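**Student:** Questions regarding the structure given below will be posed in turn.
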Amino acid sequence: MTNMFQVDRFFRMEFTSEIRKITDPIYQKISKVLPEIEWSVHAPYIYRINQLKKEKNAIILAHNYQTPEIYHGIADVSADSLALAIEASKTNADLIVMCGVHFMAETAKLMNPQKKVLLPDMNAGCSLSSSITGRDVRLLKEKYPGVPIVSYINTSADVKAETDICCTSANAVKIVNSLGVKKIIFLPDDYLAKYVALQTNVEIISWKGTCIVHEQFNEKEINEIRLNNPGIKIIAHPECPPDVIKASDFAGSTTGMIKYVEDHQPKKVMMVTECSMSDNVQIENPNVKFVKPCNLCPHMKKITLPKILDCLENETNEIIMSNETIEKARRSVERMAKVGR
Ligand code: 13P
Ligand code: SF4
């Protein structure tokens, strides 16, 4: 049986001539990476989401790995984890919709606890975040008393609550050096820990977590791509294995990688990271040719326009945490924000 709501939703999801006209400037921007047939499906959602954002004074924060129709169609801010956390702390919007994964939505809530934060799919997790629990960190503290804990932002609020200071891939080295100690525990990304260890004299005890997207890249593949594409610039995310970073021309956070392309305008580039980012960056850099990896993050890809519309319209999937967790976890993120990028 069809109820009124479904009829209404179906009606509004039609690709009318008005929607075509209003959304056309967005399509002109992303047509290079999105076939027209897909646009007829996305455009009505983009139109309605942008309308609802205004009606509800909502802000959409999107990670750089979101698909082009989200990144260019509805996001108010597209950024790396560090900038998303900072934006969340500054916004005057009544509602924050995080187009990213669960730890990013939790971090937004920590940074602005009075605001309602929504995540379009509560199952959008992260292999790094799920590799460690708050209890694991308490056990580490018992094993290494007095050794400061630096946690990657890709962790749950429970882990952040047990953490001295957070970091992201944009500031990990700076954060570790800022502590002025000889030894730290760095968790949960073992590869990021190794990347940091190469750039500091601080002794690092690491956890064995990995990112299921970046761990798949290997040095042989990078060398083959270089061989087949003379002059190519290869830029990697620090969650990649150390041999991949070594074989690359640059390593940095997702925004660091975007900035590299914008500043250097290489003739050809490969971004050794999640695949959607190349599409998003290609749109803004038409003179750069991209060799695209095909590694997608299954968690990031759980976020879709219909789910965003549904959670914005019905204000579902709210991030809820106890005041105690918020207070404890927020301290570690605020300490990081003070050190900056
Ligand atoms: P950035 O902080 O560099 O955006 O990375 C987040 C992430 O999850 C990468 O896999
Ligand atoms: Fe987590 Fe890796 Fe996905 Fe980033 S790409 S959210 S680190 S699983």
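Ordered as shown in the structure tokens, chains take letters A, B, and onward, while each chain numbers its residues from 1 and ligands are numbered from 1 in the order shown.
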Sort by chain and increasing residue number a table of all residues of chain A within 8 Å of ligand 1, each with its closest pair of atoms and their distance in Å to one decimal, counting only C-alpha atoms and all ligand atoms, and write it as CSV.

**Tutor:**
residue,atom,partner,partner_atom_place_in_ligand_line,distance
A:His63,CA,ligand 1,4 (O),6.6
A:Asn64,CA,ligand 1,4 (O),6.5
A:Tyr65,CA,ligand 1,4 (O),7.9
A:Ala79,CA,ligand 1,4 (O),6.7
A:Asp80,CA,ligand 1,4 (O),3.3
A:Ser81,CA,ligand 1,2 (O),3.8
A:Leu82,CA,ligand 1,2 (O),5.9
A:Cys126,CA,ligand 1,8 (O),7.5
A:Ile153,CA,ligand 1,2 (O),7.8
A:Asn154,CA,ligand 1,8 (O),6.5
A:Thr168,CA,ligand 1,2 (O),5.4
A:Ser169,CA,ligand 1,3 (O),5.2
A:Ala170,CA,ligand 1,3 (O),6.3
A:Cys211,CA,ligand 1,10 (O),6.7
A:Val213,CA,ligand 1,10 (O),7.3
A:His214,CA,ligand 1,10 (O),7.3
A:His237,CA,ligand 1,3 (O),6.8
A:Glu239,CA,ligand 1,10 (O),6.8
A:Gly252,CA,ligand 1,3 (O),7.0
A:Ser253,CA,ligand 1,3 (O),3.4
A:Thr254,CA,ligand 1,3 (O),3.9
A:Thr255,CA,ligand 1,3 (O),6.4
A:Gly256,CA,ligand 1,3 (O),7.5
A:Thr273,CA,ligand 1,10 (O),7.4
A:Glu274,CA,ligand 1,10 (O),7.2

**Student:** I'd like the contact shell of Val196 in chain A - 9 Å cut-off, only C-alpha atoms, skipping same-chain residues fewer than 6 positions apart - returned as a PyMOL selection string.

**Tutor:** chain A and resi 172-173+176+204+238

**Student:** Could the residues in this selection be written to a file with all heavy atoms, as a compact mmCIF listing (two decimals), in the first residue's frame?

**Tutor:**
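Saved as selection.txt:
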# COMPACT_ATOMS: atom_id res chain seq x y z
N ALA A 172 50.08 15.29 12.42
CA ALA A 172 50.57 14.24 13.33
C ALA A 172 52.00 14.52 13.83
O ALA A 172 52.28 14.42 15.04
CB ALA A 172 50.51 12.88 12.63
N VAL A 173 52.90 14.92 12.92
CA VAL A 173 54.30 15.14 13.32
C VAL A 173 54.37 16.33 14.29
O VAL A 173 55.03 16.27 15.34
CB VAL A 173 55.19 15.39 12.08
CG1 VAL A 173 56.63 15.69 12.49
CG2 VAL A 173 55.14 14.19 11.13
N VAL A 176 53.05 15.36 17.76
CA VAL A 176 53.98 14.49 18.52
C VAL A 176 55.15 15.34 19.04
O VAL A 176 55.52 15.25 20.22
CB VAL A 176 54.47 13.32 17.63
CG1 VAL A 176 55.63 12.58 18.28
CG2 VAL A 176 53.32 12.35 17.35
N ILE A 204 58.23 5.78 19.37
CA ILE A 204 56.78 5.58 19.19
C ILE A 204 56.40 4.12 19.39
O ILE A 204 56.96 3.23 18.74
CB ILE A 204 56.35 6.06 17.79
CG1 ILE A 204 56.53 7.59 17.71
CG2 ILE A 204 54.89 5.69 17.51
CD1 ILE A 204 56.13 8.22 16.41
N PRO A 238 49.34 9.47 4.10
CA PRO A 238 50.23 8.80 5.07
C PRO A 238 49.65 7.54 5.72
O PRO A 238 50.35 6.89 6.49
CB PRO A 238 50.50 9.86 6.14
CG PRO A 238 49.87 11.10 5.67
CD PRO A 238 48.99 10.83 4.50

**Student:** Have a look at A:Ser78, A:Thr23, A:Thr67, A:Asn57 and name the one nearest to Ser276 in chain A; count only C-alpha atoms.

**Tutor:**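 Checking each candidate against Ser276 in chain A, we get A:Thr67 as the closest.
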
**Student:** Tell me, as an MDAnalysis selection string, which residues lie within 10 Å of Val147 in chain A, counting only C-alpha atoms; anything in the same chain fewer than 5 positions away does not count.

**Tutor:** chainID A and resid 140:142 164 181:185 205

**Student:** Take the residues just selected and output them with N, CA, C and O atoms as a PDB file, in the first residue's frame.

**Tutor:**
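Writing the result to out_13.pdb gives the following:
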ATOM      1  N   LEU A 140      46.535  -0.366  27.741  1.00  0.00           N
ATOM      2  CA  LEU A 140      47.839   0.184  27.310  1.00  0.00           C
ATOM      3  C   LEU A 140      48.413   1.110  28.383  1.00  0.00           C
ATOM      4  O   LEU A 140      49.616   1.107  28.657  1.00  0.00           O
ATOM      5  N   LYS A 141      47.524   1.883  29.001  1.00  0.00           N
ATOM      6  CA  LYS A 141      47.984   2.822  30.044  1.00  0.00           C
ATOM      7  C   LYS A 141      48.546   2.058  31.237  1.00  0.00           C
ATOM      8  O   LYS A 141      49.514   2.497  31.867  1.00  0.00           O
ATOM      9  N   GLU A 142      47.915   0.906  31.534  1.00  0.00           N
ATOM     10  CA  GLU A 142      48.438   0.087  32.654  1.00  0.00           C
ATOM     11  C   GLU A 142      49.809  -0.478  32.298  1.00  0.00           C
ATOM     12  O   GLU A 142      50.715  -0.550  33.117  1.00  0.00           O
ATOM     13  N   ASP A 164      45.417  11.619  25.498  1.00  0.00           N
ATOM     14  CA  ASP A 164      45.949  12.923  25.923  1.00  0.00           C
ATOM     15  C   ASP A 164      45.739  13.976  24.852  1.00  0.00           C
ATOM     16  O   ASP A 164      45.368  15.101  25.142  1.00  0.00           O
ATOM     17  N   VAL A 181      58.276  15.139  24.781  1.00  0.00           N
ATOM     18  CA  VAL A 181      58.618  13.940  25.565  1.00  0.00           C
ATOM     19  C   VAL A 181      59.465  12.994  24.706  1.00  0.00           C
ATOM     20  O   VAL A 181      59.569  13.167  23.492  1.00  0.00           O
ATOM     21  N   LYS A 182      60.038  11.974  25.360  1.00  0.00           N
ATOM     22  CA  LYS A 182      60.927  11.054  24.630  1.00  0.00           C
ATOM     23  C   LYS A 182      60.159   9.884  24.015  1.00  0.00           C
ATOM     24  O   LYS A 182      60.600   9.264  23.061  1.00  0.00           O
ATOM     25  N   LYS A 183      59.012   9.552  24.630  1.00  0.00           N
ATOM     26  CA  LYS A 183      58.295   8.345  24.195  1.00  0.00           C
ATOM     27  C   LYS A 183      56.786   8.599  24.214  1.00  0.00           C
ATOM     28  O   LYS A 183      56.283   9.242  25.141  1.00  0.00           O
ATOM     29  N   ILE A 184      56.094   8.103  23.197  1.00  0.00           N
ATOM     30  CA  ILE A 184      54.625   8.209  23.192  1.00  0.00           C
ATOM     31  C   ILE A 184      54.010   6.899  22.720  1.00  0.00           C
ATOM     32  O   ILE A 184      54.688   6.072  22.097  1.00  0.00           O
ATOM     33  N   ILE A 185      52.715   6.769  22.997  1.00  0.00           N
ATOM     34  CA  ILE A 185      51.931   5.690  22.367  1.00  0.00           C
ATOM     35  C   ILE A 185      51.125   6.370  21.268  1.00  0.00           C
ATOM     36  O   ILE A 185      50.456   7.379  21.516  1.00  0.00           O
ATOM     37  N   ILE A 205      55.473   3.922  20.302  1.00  0.00           N
ATOM     38  CA  ILE A 205      54.880   2.586  20.469  1.00  0.00           C
ATOM     39  C   ILE A 205      53.575   2.637  19.686  1.00  0.00           C
ATOM     40  O   ILE A 205      52.730   3.502  19.925  1.00  0.00           O
TER      41      ILE A 205
END

**Student:** Return as a VMD selection string the full set of residues in range 26-127 of chain A whose backbone-based DSSP assignment is alpha helix (DSSP H).

**Tutor:** chain A and resid 26 to 30 36 to 56 68 to 71 81 to 90 102 to 111

**Student:** Of the candidates A:Asp136, A:Glu324, A:Glu221, A:Glu313, which shows the shortest atom-to-atom distance to Pro113 in chain A, using only C-alpha atoms?

**Tutor:**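 Once distances to Pro113 in chain A are computed over only C-alpha atoms, the minimum belongs to A:Glu324.
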
**Student:** With distances taken over only C-alpha atoms and all ligand atoms, which residue among A:Ile49, A:Val272, A:Leu312, A:Ile222 lies nearest ligand 2?

**Tutor:**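 Checking each of A:Ile49, A:Val272, A:Leu312, A:Ile222 against ligand 2, counting only C-alpha atoms and all ligand atoms, the winner is A:Val272.
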
**Student:** Within 6 Å of range 91-99 of chain A, counting only C-alpha atoms, which residues show up once you throw out same-chain ones fewer than 6 positions away? Write them as a PyMOL selection string, please.

**Tutor:** chain A and resi 57-62+105+116-119

**Student:** For all heavy atoms, I'd like the residues from the last selection saved as a compact mmCIF listing (two decimals), in the first residue's frame.

**Tutor:**
# COMPACT_ATOMS: atom_id res chain seq x y z
N ASN A 57 18.17 25.85 8.57
CA ASN A 57 19.46 26.42 8.97
C ASN A 57 20.46 25.30 9.29
O ASN A 57 21.03 25.22 10.38
CB ASN A 57 19.30 27.37 10.17
CG ASN A 57 20.60 28.11 10.47
OD1 ASN A 57 21.42 28.34 9.58
ND2 ASN A 57 20.81 28.45 11.74
N ALA A 58 20.62 24.42 8.31
CA ALA A 58 21.53 23.28 8.49
C ALA A 58 22.80 23.52 7.68
O ALA A 58 22.81 24.26 6.71
CB ALA A 58 20.86 22.01 7.99
N ILE A 59 23.89 22.87 8.12
CA ILE A 59 25.14 22.92 7.36
C ILE A 59 25.53 21.48 7.00
O ILE A 59 25.36 20.57 7.81
CB ILE A 59 26.27 23.63 8.16
CG1 ILE A 59 27.52 23.81 7.31
CG2 ILE A 59 26.63 22.88 9.45
CD1 ILE A 59 28.61 24.68 7.94
N ILE A 60 26.00 21.32 5.78
CA ILE A 60 26.48 19.99 5.37
C ILE A 60 28.00 20.03 5.28
O ILE A 60 28.58 20.81 4.51
CB ILE A 60 25.85 19.55 4.03
CG1 ILE A 60 24.33 19.40 4.23
CG2 ILE A 60 26.48 18.25 3.54
CD1 ILE A 60 23.57 18.75 3.11
N LEU A 61 28.63 19.22 6.13
CA LEU A 61 30.09 19.09 6.11
C LEU A 61 30.41 17.79 5.40
O LEU A 61 29.86 16.73 5.75
CB LEU A 61 30.64 19.06 7.54
CG LEU A 61 30.29 20.23 8.46
CD1 LEU A 61 30.92 20.04 9.83
CD2 LEU A 61 30.76 21.55 7.86
N ALA A 62 31.27 17.84 4.40
CA ALA A 62 31.56 16.62 3.63
C ALA A 62 33.06 16.35 3.59
O ALA A 62 33.86 17.27 3.38
CB ALA A 62 31.03 16.76 2.21
N ALA A 105 31.44 12.38 12.53
CA ALA A 105 30.21 12.94 13.11
C ALA A 105 30.37 13.07 14.63
O ALA A 105 29.96 14.08 15.22
CB ALA A 105 29.03 12.03 12.76
N LYS A 116 22.71 19.72 17.07
CA LYS A 116 22.25 18.39 16.67
C LYS A 116 23.14 17.96 15.51
O LYS A 116 23.25 18.69 14.52
CB LYS A 116 20.81 18.51 16.22
CG LYS A 116 20.01 17.24 16.26
CD LYS A 116 18.58 17.54 15.84
CE LYS A 116 17.62 16.65 16.57
NZ LYS A 116 16.24 16.80 16.13
N VAL A 117 23.80 16.80 15.64
CA VAL A 117 24.66 16.31 14.56
C VAL A 117 24.05 15.02 14.01
O VAL A 117 23.74 14.09 14.77
CB VAL A 117 26.10 16.03 15.07
CG1 VAL A 117 26.97 15.45 13.96
CG2 VAL A 117 26.73 17.30 15.63
N LEU A 118 23.89 14.97 12.70
CA LEU A 118 23.28 13.80 12.06
C LEU A 118 24.27 13.13 11.12
O LEU A 118 25.07 13.81 10.48
CB LEU A 118 22.05 14.22 11.24
CG LEU A 118 20.99 15.09 11.94
CD1 LEU A 118 19.88 15.48 10.97
CD2 LEU A 118 20.40 14.36 13.16
N LEU A 119 24.20 11.80 11.07
CA LEU A 119 25.03 11.03 10.14
C LEU A 119 24.08 10.23 9.25
O LEU A 119 23.30 9.41 9.76
CB LEU A 119 25.96 10.09 10.94
CG LEU A 119 26.88 9.19 10.14
CD1 LEU A 119 27.91 9.99 9.34
CD2 LEU A 119 27.62 8.21 11.07

**Student:** Do you know which residues are at most 9 Å from Ile132 in chain A counting only C-alpha atoms, after dropping those on the same chain fewer than 3 positions away, and could you put them as a VMD selection string?

**Tutor:** chain A and resid 128 to 129 135 to 137 155 to 156 159 187 to 188 207 209

**Student:** If we count only C-alpha atoms and set the cut-off at 9 Å, which residues sit around Gln265 in chain A, ignoring sequence neighbours fewer than 6 positions away in its own chain? Please answer as a ChimeraX atom specification.

**Tutor:** /A:285,287-288

**Student:** Would you save the residues of that selection, restricted to N, CA, C and O atoms, as a PDB file, in the first residue's frame?

**Tutor:**
ATOM      1  N   ASN A 285      40.619  21.198 -11.514  1.00  0.00           N
ATOM      2  CA  ASN A 285      41.951  21.312 -12.123  1.00  0.00           C
ATOM      3  C   ASN A 285      41.932  20.696 -13.525  1.00  0.00           C
ATOM      4  O   ASN A 285      42.518  19.632 -13.770  1.00  0.00           O
ATOM      5  N   ASN A 287      43.430  21.200 -16.236  1.00  0.00           N
ATOM      6  CA  ASN A 287      44.655  21.003 -17.019  1.00  0.00           C
ATOM      7  C   ASN A 287      45.502  19.844 -16.521  1.00  0.00           C
ATOM      8  O   ASN A 287      46.541  19.537 -17.093  1.00  0.00           O
ATOM      9  N   VAL A 288      45.067  19.225 -15.439  1.00  0.00           N
ATOM     10  CA  VAL A 288      45.843  18.105 -14.873  1.00  0.00           C
ATOM     11  C   VAL A 288      45.168  16.792 -15.289  1.00  0.00           C
ATOM     12  O   VAL A 288      43.947  16.649 -15.204  1.00  0.00           O
TER      13      VAL A 288
END

**Student:** Kindly indicate which residue among A:Pro120, A:Pro298, A:Gly134, A:Pro242 lies nearest to ligand 2, using only C-alpha atoms and all ligand atoms for the distances.

**Tutor:**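 Going through A:Pro120, A:Pro298, A:Gly134, A:Pro242 one by one, the smallest distance to ligand 2 is for A:Pro298.
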